[in-house]
file work-v8.pdb (PDB, C-alpha atoms and all ligand atoms)
ATOM      1  CA  MET A  74      -4.675  11.617  -1.533
ATOM      2  CA  LEU A  75      -4.965   9.128  -4.378
ATOM      3  CA  GLU A  76      -7.816   9.481  -6.843
ATOM      4  CA  LEU A  77      -8.804   7.135  -9.631
ATOM      5  CA  LYS A  78     -11.149   9.204 -11.766
ATOM      6  CA  ASN A  79     -13.344   7.802 -14.521
ATOM      7  CA  ILE A  80     -10.875   5.004 -15.250
ATOM      8  CA  THR A  81     -11.620   3.028 -18.402
ATOM      9  CA  LYS A  82      -9.568  -0.091 -18.985
ATOM     10  CA  ILE A  83     -10.112  -2.246 -22.045
ATOM     11  CA  TYR A  84      -7.996  -5.362 -22.544
ATOM     12  CA  ASN A  85      -7.213  -6.329 -26.148
ATOM     13  CA  PRO A  86      -9.051  -3.363 -27.724
ATOM     14  CA  GLY A  87     -10.240  -3.954 -31.280
ATOM     15  CA  GLN A  88      -9.712  -7.713 -31.079
ATOM     16  CA  VAL A  89     -12.283 -10.481 -30.740
ATOM     17  CA  THR A  90     -11.040 -10.956 -27.184
ATOM     18  CA  GLU A  91     -11.749  -7.293 -26.318
ATOM     19  CA  MET A  92     -12.885  -6.944 -22.687
ATOM     20  CA  CYS A  93     -13.850  -3.764 -20.915
ATOM     21  CA  LEU A  94     -12.821  -4.280 -17.272
ATOM     22  CA  PHE A  95     -13.295  -0.763 -15.903
ATOM     23  CA  ASP A  96     -15.913   1.573 -17.316
ATOM     24  CA  LYS A  97     -15.518   4.980 -15.633
ATOM     25  CA  PHE A  98     -14.286   3.474 -12.368
ATOM     26  CA  ASN A  99     -13.788   5.857  -9.432
ATOM     27  CA  LEU A 100     -11.974   5.426  -6.118
ATOM     28  CA  THR A 101     -10.549   7.994  -3.718
ATOM     29  CA  VAL A 102      -8.092   6.906  -1.030
ATOM     30  CA  GLY A 103      -7.461   9.500   1.668
ATOM     31  CA  ASP A 104      -4.093  10.049   3.355
ATOM     32  CA  GLY A 105      -3.460   7.518   6.104
ATOM     33  CA  GLN A 106      -6.062   5.045   4.919
ATOM     34  CA  PHE A 107      -5.113   1.363   4.949
ATOM     35  CA  VAL A 108      -7.485  -0.245   2.468
ATOM     36  CA  SER A 109      -7.988  -4.009   2.399
ATOM     37  CA  ILE A 110      -9.199  -5.067  -1.046
ATOM     38  CA  VAL A 111     -10.982  -8.375  -1.541
ATOM     39  CA  GLY A 112     -12.906  -9.829  -4.464
ATOM     40  CA  SER A 113     -13.323 -12.926  -6.562
ATOM     41  CA  ASN A 114     -10.777 -14.039  -9.173
ATOM     42  CA  GLY A 115     -10.864 -11.748 -12.162
ATOM     43  CA  SER A 116     -12.737  -8.935 -10.403
ATOM     44  CA  GLY A 117      -9.993  -6.444 -11.283
ATOM     45  CA  LYS A 118      -7.939  -6.072  -8.089
ATOM     46  CA  THR A 119      -4.487  -6.560  -9.620
ATOM     47  CA  SER A 120      -5.454  -4.549 -12.711
ATOM     48  CA  MET A 121      -6.379  -1.664 -10.413
ATOM     49  CA  LEU A 122      -3.003  -1.847  -8.631
ATOM     50  CA  ASN A 123      -1.237  -2.036 -12.014
ATOM     51  CA  ILE A 124      -3.108   1.058 -13.181
ATOM     52  CA  ILE A 125      -2.057   2.967 -10.036
ATOM     53  CA  CYS A 126       1.552   1.872 -10.585
ATOM     54  CA  GLY A 127       1.387   2.703 -14.299
ATOM     55  CA  SER A 128       2.285  -0.868 -15.270
ATOM     56  CA  ILE A 129      -0.605  -1.110 -17.746
ATOM     57  CA  PRO A 130      -2.060   1.572 -20.026
ATOM     58  CA  ILE A 131      -5.584   2.919 -19.603
ATOM     59  CA  GLU A 132      -8.040   3.973 -22.285
ATOM     60  CA  GLY A 133      -9.502   6.825 -20.260
ATOM     61  CA  GLY A 134      -9.467   8.620 -16.925
ATOM     62  CA  GLU A 135      -6.870   9.959 -14.535
ATOM     63  CA  VAL A 136      -4.727   8.656 -11.670
ATOM     64  CA  LEU A 137      -4.182  11.642  -9.397
ATOM     65  CA  VAL A 138      -1.791  11.882  -6.449
ATOM     66  CA  GLY A 139      -2.167  15.166  -4.599
ATOM     67  CA  GLY A 140      -4.127  16.402  -7.626
ATOM     68  CA  LYS A 141      -1.292  15.617 -10.100
ATOM     69  CA  ASP A 142      -1.858  13.079 -12.878
ATOM     70  CA  ILE A 143       0.819  10.434 -12.272
ATOM     71  CA  ALA A 144      -0.277   8.340 -15.270
ATOM     72  CA  LYS A 145       1.653  10.781 -17.457
ATOM     73  CA  MET A 146       4.834  10.667 -15.373
ATOM     74  CA  LYS A 147       7.915   8.604 -16.158
ATOM     75  CA  ASP A 148       8.242   5.372 -14.136
ATOM     76  CA  PHE A 149      11.116   6.603 -11.959
ATOM     77  CA  GLN A 150       9.141   9.760 -11.087
ATOM     78  CA  ARG A 151       5.954   7.856 -10.279
ATOM     79  CA  TYR A 152       7.783   5.331  -8.125
ATOM     80  CA  ARG A 153       9.108   8.114  -5.912
ATOM     81  CA  SER A 154       5.729   8.177  -4.194
ATOM     82  CA  ILE A 155       4.825   4.483  -4.517
ATOM     83  CA  GLY A 156       6.288   1.322  -3.012
ATOM     84  CA  ARG A 157       5.043  -2.127  -3.991
ATOM     85  CA  VAL A 158       5.403  -5.567  -2.451
ATOM     86  CA  TYR A 159       4.503  -8.499  -4.690
ATOM     87  CA  GLN A 160       3.141 -11.979  -4.015
ATOM     88  CA  ASN A 161       6.448 -13.614  -4.919
ATOM     89  CA  PRO A 162       9.202 -12.628  -2.440
ATOM     90  CA  SER A 163      11.820 -12.835  -5.208
ATOM     91  CA  MET A 164      10.029 -10.045  -7.165
ATOM     92  CA  GLY A 165      10.970  -7.380  -4.640
ATOM     93  CA  THR A 166      14.577  -8.362  -4.020
ATOM     94  CA  CYS A 167      17.661  -9.357  -6.052
ATOM     95  CA  PRO A 168      18.697 -12.875  -4.930
ATOM     96  CA  ASN A 169      22.269 -12.628  -6.231
ATOM     97  CA  LEU A 170      23.022  -9.441  -4.334
ATOM     98  CA  THR A 171      23.756  -9.101  -0.632
ATOM     99  CA  MET A 172      21.347  -7.534   1.837
ATOM    100  CA  LEU A 173      23.526  -4.405   1.832
ATOM    101  CA  GLU A 174      23.489  -4.184  -1.980
ATOM    102  CA  ASN A 175      19.722  -4.730  -2.065
ATOM    103  CA  MET A 176      19.170  -1.965   0.488
ATOM    104  CA  SER A 177      21.474   0.340  -1.461
ATOM    105  CA  LEU A 178      19.544  -0.327  -4.690
ATOM    106  CA  ALA A 179      16.270   0.409  -2.915
ATOM    107  CA  ASP A 180      17.796   3.600  -1.505
ATOM    108  CA  ASN A 181      18.597   4.790  -5.045
ATOM    109  CA  LYS A 182      15.035   4.282  -6.301
ATOM    110  CA  GLY A 183      13.618   7.313  -8.050
ATOM    111  CA  LYS A 184      17.008   8.958  -8.542
ATOM    112  CA  THR A 185      17.699  10.229 -12.032
ATOM    113  CA  PHE A 186      21.005   8.414 -12.534
ATOM    114  CA  GLY A 187      19.152   5.111 -12.605
ATOM    115  CA  LEU A 188      19.834   1.920 -10.747
ATOM    116  CA  SER A 189      23.374   1.577  -9.545
ATOM    117  CA  PHE A 190      24.882  -0.204  -6.573
ATOM    118  CA  GLY A 191      26.277   3.037  -5.185
ATOM    119  CA  ILE A 192      27.193   1.337  -1.908
ATOM    120  CA  ASN A 193      27.492   4.048   0.633
ATOM    121  CA  LYS A 194      28.993   2.738   3.844
ATOM    122  CA  ALA A 195      27.777   5.835   5.630
ATOM    123  CA  ARG A 196      24.203   4.721   4.904
ATOM    124  CA  GLU A 197      24.831   1.244   6.256
ATOM    125  CA  ASN A 198      23.831   2.184   9.794
ATOM    126  CA  PHE A 199      20.585   3.627   8.468
ATOM    127  CA  TYR A 200      19.880   0.391   6.584
ATOM    128  CA  LYS A 201      20.611  -1.642   9.713
ATOM    129  CA  GLU A 202      18.348   0.579  11.773
ATOM    130  CA  GLN A 203      15.535   0.133   9.236
ATOM    131  CA  LEU A 204      15.968  -3.659   9.110
ATOM    132  CA  SER A 205      15.980  -3.813  12.896
ATOM    133  CA  ILE A 206      12.337  -2.559  12.830
ATOM    134  CA  LEU A 207      11.488  -6.076  11.640
ATOM    135  CA  GLY A 208      12.968  -7.743  14.704
ATOM    136  CA  LEU A 209      14.220 -10.678  12.575
ATOM    137  CA  GLY A 210      17.961 -10.034  12.903
ATOM    138  CA  LEU A 211      18.348  -9.145   9.213
ATOM    139  CA  GLU A 212      20.523  -6.192  10.234
ATOM    140  CA  ASN A 213      23.182  -8.776  11.108
ATOM    141  CA  LYS A 214      23.048 -10.350   7.630
ATOM    142  CA  MET A 215      24.234  -7.396   5.557
ATOM    143  CA  ASP A 216      26.810  -9.498   3.677
ATOM    144  CA  VAL A 217      24.487 -12.455   3.072
ATOM    145  CA  LYS A 218      23.081 -12.936  -0.439
ATOM    146  CA  VAL A 219      19.324 -12.378  -0.258
ATOM    147  CA  GLY A 220      18.720 -15.582  -2.254
ATOM    148  CA  ALA A 221      20.004 -17.509   0.769
ATOM    149  CA  LEU A 222      17.249 -16.124   3.011
ATOM    150  CA  SER A 223      13.891 -17.807   3.590
ATOM    151  CA  GLY A 224      10.810 -16.601   1.674
ATOM    152  CA  GLY A 225       9.486 -14.907   4.801
ATOM    153  CA  GLN A 226      12.795 -13.131   5.504
ATOM    154  CA  ARG A 227      12.920 -11.981   1.874
ATOM    155  CA  GLN A 228       9.361 -10.699   2.000
ATOM    156  CA  ALA A 229      10.159  -8.825   5.227
ATOM    157  CA  ALA A 230      13.231  -7.342   3.523
ATOM    158  CA  ALA A 231      11.090  -6.439   0.483
ATOM    159  CA  LEU A 232       8.699  -4.616   2.796
ATOM    160  CA  ILE A 233      11.505  -2.507   4.261
ATOM    161  CA  MET A 234      13.111  -1.965   0.829
ATOM    162  CA  SER A 235       9.853  -0.756  -0.703
ATOM    163  CA  THR A 236       9.429   1.764   2.117
ATOM    164  CA  LEU A 237      13.073   2.846   2.457
ATOM    165  CA  THR A 238      12.677   6.057   0.501
ATOM    166  CA  PRO A 239       9.991   8.528   1.625
ATOM    167  CA  ILE A 240       7.016   7.076  -0.256
ATOM    168  CA  GLU A 241       3.371   8.010   0.287
ATOM    169  CA  PHE A 242       1.636   4.838  -0.928
ATOM    170  CA  LEU A 243       2.371   1.255  -0.169
ATOM    171  CA  ILE A 244       0.852  -1.259  -2.570
ATOM    172  CA  LEU A 245       0.596  -4.800  -1.242
ATOM    173  CA  ASP A 246      -0.361  -7.314  -3.906
ATOM    174  CA  GLU A 247      -1.295 -10.571  -2.133
ATOM    175  CA  HIS A 248       2.041 -10.195  -0.365
ATOM    176  CA  THR A 249       1.431 -13.011   2.139
ATOM    177  CA  ALA A 250      -0.090 -15.503  -0.324
ATOM    178  CA  ALA A 251       3.146 -17.419  -0.958
ATOM    179  CA  LEU A 252       4.070 -17.738   2.713
ATOM    180  CA  ASP A 253       3.274 -20.440   5.257
ATOM    181  CA  PRO A 254       0.533 -19.471   7.768
ATOM    182  CA  LYS A 255       2.915 -18.616  10.627
ATOM    183  CA  THR A 256       5.242 -16.531   8.450
ATOM    184  CA  ALA A 257       2.233 -14.846   6.837
ATOM    185  CA  GLU A 258       1.050 -13.779  10.327
ATOM    186  CA  ILE A 259       4.500 -12.338  11.082
ATOM    187  CA  ILE A 260       4.594 -10.434   7.776
ATOM    188  CA  MET A 261       1.068  -9.062   8.354
ATOM    189  CA  ASP A 262       2.033  -7.796  11.814
ATOM    190  CA  LEU A 263       5.195  -6.255  10.383
ATOM    191  CA  THR A 264       3.165  -4.666   7.595
ATOM    192  CA  ALA A 265       0.827  -3.002  10.091
ATOM    193  CA  LYS A 266       3.852  -1.838  12.115
ATOM    194  CA  VAL A 267       5.661  -0.374   9.080
ATOM    195  CA  VAL A 268       2.497   1.340   7.787
ATOM    196  CA  LYS A 269       1.959   2.926  11.217
ATOM    197  CA  GLU A 270       5.577   3.881  11.920
ATOM    198  CA  LYS A 271       6.099   5.391   8.465
ATOM    199  CA  ASN A 272       2.662   6.975   8.371
ATOM    200  CA  LEU A 273       1.817   5.443   4.991
ATOM    201  CA  THR A 274      -1.333   5.159   2.949
ATOM    202  CA  ALA A 275      -1.703   1.498   2.007
ATOM    203  CA  MET A 276      -3.727  -0.640  -0.383
ATOM    204  CA  MET A 277      -3.603  -4.361   0.276
ATOM    205  CA  VAL A 278      -5.112  -6.958  -2.051
ATOM    206  CA  THR A 279      -5.701 -10.209  -0.216
ATOM    207  CA  HIS A 280      -7.708 -13.409  -0.521
ATOM    208  CA  ASN A 281      -7.317 -13.930   3.218
ATOM    209  CA  LEU A 282     -10.630 -12.599   4.542
ATOM    210  CA  ARG A 283      -9.434 -12.659   8.139
ATOM    211  CA  TYR A 284      -6.514 -10.362   7.287
ATOM    212  CA  ALA A 285      -8.886  -8.128   5.334
ATOM    213  CA  VAL A 286     -11.120  -7.838   8.394
ATOM    214  CA  GLU A 287      -8.397  -7.577  11.052
ATOM    215  CA  TYR A 288      -6.022  -5.168   9.316
ATOM    216  CA  GLY A 289      -6.580  -1.740   7.856
ATOM    217  CA  ASN A 290      -9.211   0.919   8.410
ATOM    218  CA  ARG A 291     -11.225   0.510   5.194
ATOM    219  CA  LEU A 292     -12.466  -2.515   3.278
ATOM    220  CA  VAL A 293     -13.329  -2.607  -0.404
ATOM    221  CA  MET A 294     -14.844  -5.585  -2.192
ATOM    222  CA  MET A 295     -14.596  -5.684  -5.966
ATOM    223  CA  ASP A 296     -16.666  -7.568  -8.501
ATOM    224  CA  LYS A 297     -16.558  -7.389 -12.311
ATOM    225  CA  GLY A 298     -14.553  -4.174 -12.393
ATOM    226  CA  GLY A 299     -16.684  -2.365  -9.815
ATOM    227  CA  MET A 300     -16.923  -1.906  -6.062
ATOM    228  CA  VAL A 301     -19.712  -3.839  -4.356
ATOM    229  CA  MET A 302     -18.674  -3.006  -0.796
ATOM    230  CA  ASP A 303     -16.820  -0.033   0.649
ATOM    231  CA  LEU A 304     -16.697   0.140   4.441
ATOM    232  CA  MET A 305     -14.926   2.857   6.409
ATOM    233  CA  GLU A 306     -13.352   2.523   9.854
ATOM    234  CA  GLU A 307     -16.403   2.324  12.128
ATOM    235  CA  GLU A 308     -18.470   0.007   9.926
ATOM    236  CA  LYS A 309     -15.401  -2.105   9.201
ATOM    237  CA  SER A 310     -14.654  -2.553  12.885
ATOM    238  CA  LYS A 311     -18.014  -4.332  13.270
ATOM    239  CA  LEU A 312     -17.422  -6.564  10.249
ATOM    240  CA  LYS A 313     -16.954 -10.330  10.589
ATOM    241  CA  VAL A 314     -15.418 -12.754   8.083
ATOM    242  CA  GLN A 315     -18.849 -14.395   7.717
ATOM    243  CA  ASP A 316     -20.354 -11.045   6.567
ATOM    244  CA  ILE A 317     -17.905 -10.907   3.644
ATOM    245  CA  LEU A 318     -18.483 -14.568   2.858
ATOM    246  CA  ASP A 319     -22.239 -13.883   2.721
ATOM    247  CA  VAL A 320     -21.681 -11.120   0.140
ATOM    248  CA  PHE A 321     -19.398 -13.417  -1.875
ATOM    249  CA  THR A 322     -22.097 -16.095  -1.820
ATOM    250  CA  SER A 323     -24.849 -13.722  -2.939
ATOM    251  CA  ILE A 324     -22.658 -12.485  -5.810
ATOM    252  CA  SER A 325     -21.915 -15.997  -7.013
ATOM    253  CA  ILE A 326     -25.632 -16.934  -6.776
ATOM    254  CA  GLU A 327     -26.441 -13.873  -8.944
ATOM    255  CA  CYS A 328     -23.806 -15.114 -11.418
ATOM    256  CA  GLY A 329     -25.483 -18.534 -11.424
ATOM    257  CA  ASN A 330     -22.493 -20.302  -9.806
TER     258      ASN A 330
HETATM  259  N1  LIG A 401      -3.035  -8.889 -19.776
HETATM  260  C1  LIG A 401      -4.313  -9.184 -19.858
HETATM  261  N2  LIG A 401      -4.898  -9.400 -21.051
HETATM  262  C2  LIG A 401      -6.208  -9.677 -21.161
HETATM  263  N3  LIG A 401      -7.047  -9.757 -20.105
HETATM  264  C3  LIG A 401      -6.518  -9.555 -18.889
HETATM  265  C4  LIG A 401      -5.142  -9.270 -18.700
HETATM  266  N4  LIG A 401      -4.912  -9.108 -17.388
HETATM  267  C5  LIG A 401      -6.085  -9.290 -16.768
HETATM  268  N5  LIG A 401      -7.054  -9.571 -17.669
HETATM  269  C6  LIG A 401      -8.478  -9.848 -17.384
HETATM  270  O1  LIG A 401      -8.974  -8.804 -16.563
HETATM  271  C7  LIG A 401      -9.831  -9.346 -15.556
HETATM  272  C8  LIG A 401      -9.337  -8.885 -14.205
HETATM  273  O2  LIG A 401      -8.093  -9.494 -13.948
HETATM  274  P1  LIG A 401      -7.248  -9.157 -12.614
HETATM  275  O3  LIG A 401      -6.008  -9.972 -12.655
HETATM  276  O4  LIG A 401      -7.131  -7.707 -12.471
HETATM  277  O5  LIG A 401      -8.259  -9.720 -11.498
HETATM  278  P2  LIG A 401      -7.976 -10.035  -9.974
HETATM  279  O6  LIG A 401      -9.171  -9.557  -9.236
HETATM  280  O7  LIG A 401      -6.665  -9.502  -9.546
HETATM  281  O8  LIG A 401      -7.954 -11.622  -9.991
HETATM  282  P3  LIG A 401      -7.170 -12.675  -9.058
HETATM  283  O9  LIG A 401      -7.849 -12.649  -7.731
HETATM  284  O10 LIG A 401      -7.387 -13.971  -9.777
HETATM  285  O11 LIG A 401      -5.720 -12.289  -8.991
HETATM  286  C9  LIG A 401      -9.858 -10.849 -15.755
HETATM  287  O12 LIG A 401     -11.015 -11.183 -16.498
HETATM  288  C10 LIG A 401      -8.604 -11.118 -16.558
HETATM  289  O13 LIG A 401      -8.775 -12.237 -17.405
END

call {"tool": "encode", "arguments": {"input": "work-v8.pdb", "output": "structure tokens", "more": "lines below"}}
Ligand SMILES: Nc1ncnc2c1ncn2[C@@H]1O[C@H](COP(=O)(O)OP(=O)(O)OP(=O)(O)O)[C@@H](O)[C@H]1O
result
Amino acid sequence: MLELKNITKIYNPGQVTEMCLFDKFNLTVGDGQFVSIVGSNGSGKTSMLNIICGSIPIEGGEVLVGGKDIAKMKDFQRYRSIGRVYQNPSMGTCPNLTMLENMSLADNKGKTFGLSFGINKARENFYKEQLSILGLGLENKMDVKVGALSGGQRQAAALIMSTLTPIEFLILDEHTAALDPKTAEIIMDLTAKVVKEKNLTAMMVTHNLRYAVEYGNRLVMMDKGGMVMDLMEEEKSKLKVQDILDVFTSISIECGN
């Protein structure tokens, strides 16, 4: 279980540009939940993911995984339980390294000796087996430099790399936003497959309302550092894209837009 408890996040504290984004923000994500997170620009979605991943400091509160405060852990310890796929496919992979070297790097994540190639031929079959889950033939491209792959193939590889070690949480940060519509569909289907097969808890930020409605078993809408909608499985299953659009519209009318 992941718990964000009384999170306070202030950007630029003490400066004229000081901005309190989260003021005692709370969110609990149960094991096995796949949470779609939507919200207008600047509502705090990416900041929330960054707080979970420890990429930005917080002024107050706790980030608990299984009751343990991971905000105080070192990066390599925290990333043992978390995998993240970014918007830009090149963020999750090393373009100048081969598929095999990329998989090997991902395999070494969270180990105390740091990042090393540590190519282990004995693991190669495991890497191939994992890549074959995607059904894109990447298991036959082990010696190809990842930079030579298409954006969609790289994002698919990033998905497998981020879930190669036994993580608990998969963080998806607009991970289909840079892809063409057809490739985005493929990556979304693969995401659902990987989350199910690896029994992961997932948090997916997306501006694609259809994906938010169709995928996952919980939907959260954020606005100005708070949650304005939080629908669990049954309620979410009845939700239509238009329902979310209506909430968006009412929020922007309240804001005078
Ligand atoms: N490094 C930073 N310094 C100062 N303010 C920041 C910083 N990062 C984010 N913010 C502010 O925090 C607020 C939330 O930003 P965040 O990127 O978390 O929103 P978001 O919901 O992910 O937006 P988007 O949909 O545009 O990606 C915004 O007002 C933004 O300007």

call {"tool": "atom_distance", "arguments": {"input": "work-v8.pdb", "atom1": "atom CA of A:Leu263", "atom2": "atom CA of A:Ser205"}}
result
11.3 Å

call {"tool": "atom_distance", "arguments": {"input": "work-v8.pdb", "atom1": "atom O8 of ligand LIG 401 (chain A)", "atom2": "atom CA of A:Ser120"}}
result
8.0 Å

call {"tool": "resolve_selection", "arguments": {"input": "work-v8.pdb", "expression": "the PyMOL selection byres (((chain A and resi 76) around 9) and not hetatm)", "output": "PyMOL selection string"}}
result
chain A and resi 74-75+77-78+99-103+135-140

call {"tool": "resolve_selection", "arguments": {"input": "work-v8.pdb", "expression": "the PyMOL selection byres (((chain A and resi 284) around 12) and not hetatm)", "output": "PyMOL selection string"}}
result
chain A and resi 108-111+247-250+254+257-262+264-265+277-283+285-290+292+312-314+317

call {"tool": "residues_near_ligand", "arguments": {"input": "work-v8.pdb", "ligand": "ligand LIG 401 (chain A)", "cutoff": "10 Å", "atoms": "only C-alpha atoms and all ligand atoms", "output": "count of residues only"}}
result
37

call {"tool": "resolve_selection", "arguments": {"input": "work-v8.pdb", "expression": "the PyMOL selection byres (((chain A and resi 156) around 6) and not hetatm)", "output": "MDAnalysis selection string"}}
result
chainID A and resid 155 157 235 243

call {"tool": "residues_around", "arguments": {"input": "work-v8.pdb", "residues": "A:Ala221", "least_positions_apart": "3", "cutoff": "8 Å", "atoms": "all atoms listed in the file", "output": "ChimeraX atom specification"}}
result
/A:168,217-218

call {"tool": "atom_distance", "arguments": {"input": "work-v8.pdb", "atom1": "atom CA of A:Arg151", "atom2": "atom CA of A:Ile125"}}
result
9.4 Å

call {"tool": "residues_near_point", "arguments": {"input": "work-v8.pdb", "point": "(30.8, -1.2, 4.1)", "cutoff": "10 Å", "atoms": "only C-alpha atoms", "output": "list in words"}}
result
Leu173, Glu174, Ile192, Asn193, Lys194, Ala195, Arg196, Glu197, Asn198, Met215 and Asp216 of chain A

call {"tool": "residues_around", "arguments": {"input": "work-v8.pdb", "residues": "A:Lys201", "least_positions_apart": "5", "cutoff": "12 Å", "atoms": "all atoms listed in the file", "output": "short mmCIF file (atom, residue, chain, number, x, y, z; two decimals) with C-alpha atoms, keeping the file's coordinate frame"}}
result
data_model
loop_
_atom_site.label_atom_id
_atom_site.label_comp_id
_atom_site.auth_asym_id
_atom_site.auth_seq_id
_atom_site.Cartn_x
_atom_site.Cartn_y
_atom_site.Cartn_z
CA MET A 172 21.35 -7.53 1.84
CA LEU A 173 23.53 -4.40 1.83
CA MET A 176 19.17 -1.96 0.49
CA SER A 177 21.47 0.34 -1.46
CA LYS A 194 28.99 2.74 3.84
CA ALA A 195 27.78 5.84 5.63
CA ARG A 196 24.20 4.72 4.90
CA ILE A 206 12.34 -2.56 12.83
CA LEU A 207 11.49 -6.08 11.64
CA GLY A 208 12.97 -7.74 14.70
CA LEU A 209 14.22 -10.68 12.58
CA GLY A 210 17.96 -10.03 12.90
CA LEU A 211 18.35 -9.14 9.21
CA GLU A 212 20.52 -6.19 10.23
CA ASN A 213 23.18 -8.78 11.11
CA LYS A 214 23.05 -10.35 7.63
CA MET A 215 24.23 -7.40 5.56
CA ASP A 216 26.81 -9.50 3.68
CA ALA A 230 13.23 -7.34 3.52
CA ILE A 233 11.50 -2.51 4.26
CA MET A 234 13.11 -1.96 0.83
CA LEU A 237 13.07 2.85 2.46
#

call {"tool": "closest_residue", "arguments": {"input": "work-v8.pdb", "among": "A:Glu202, A:Asp316, A:Asp180, A:Asp303", "to": "A:Ile240", "atoms": "all atoms listed in the file"}}
result
A:Asp180

call {"tool": "closest_residue", "arguments": {"input": "work-v8.pdb", "among": "A:Ala229, A:Phe107, A:Gln88, A:Thr274", "to": "A:Val293", "atoms": "only C-alpha atoms"}}
result
A:Phe107

call {"tool": "closest_residue", "arguments": {"input": "work-v8.pdb", "among": "A:Gln106, A:Asn169, A:Gln226, A:Thr81", "to": "A:Leu304", "atoms": "all atoms listed in the file"}}
result
A:Gln106
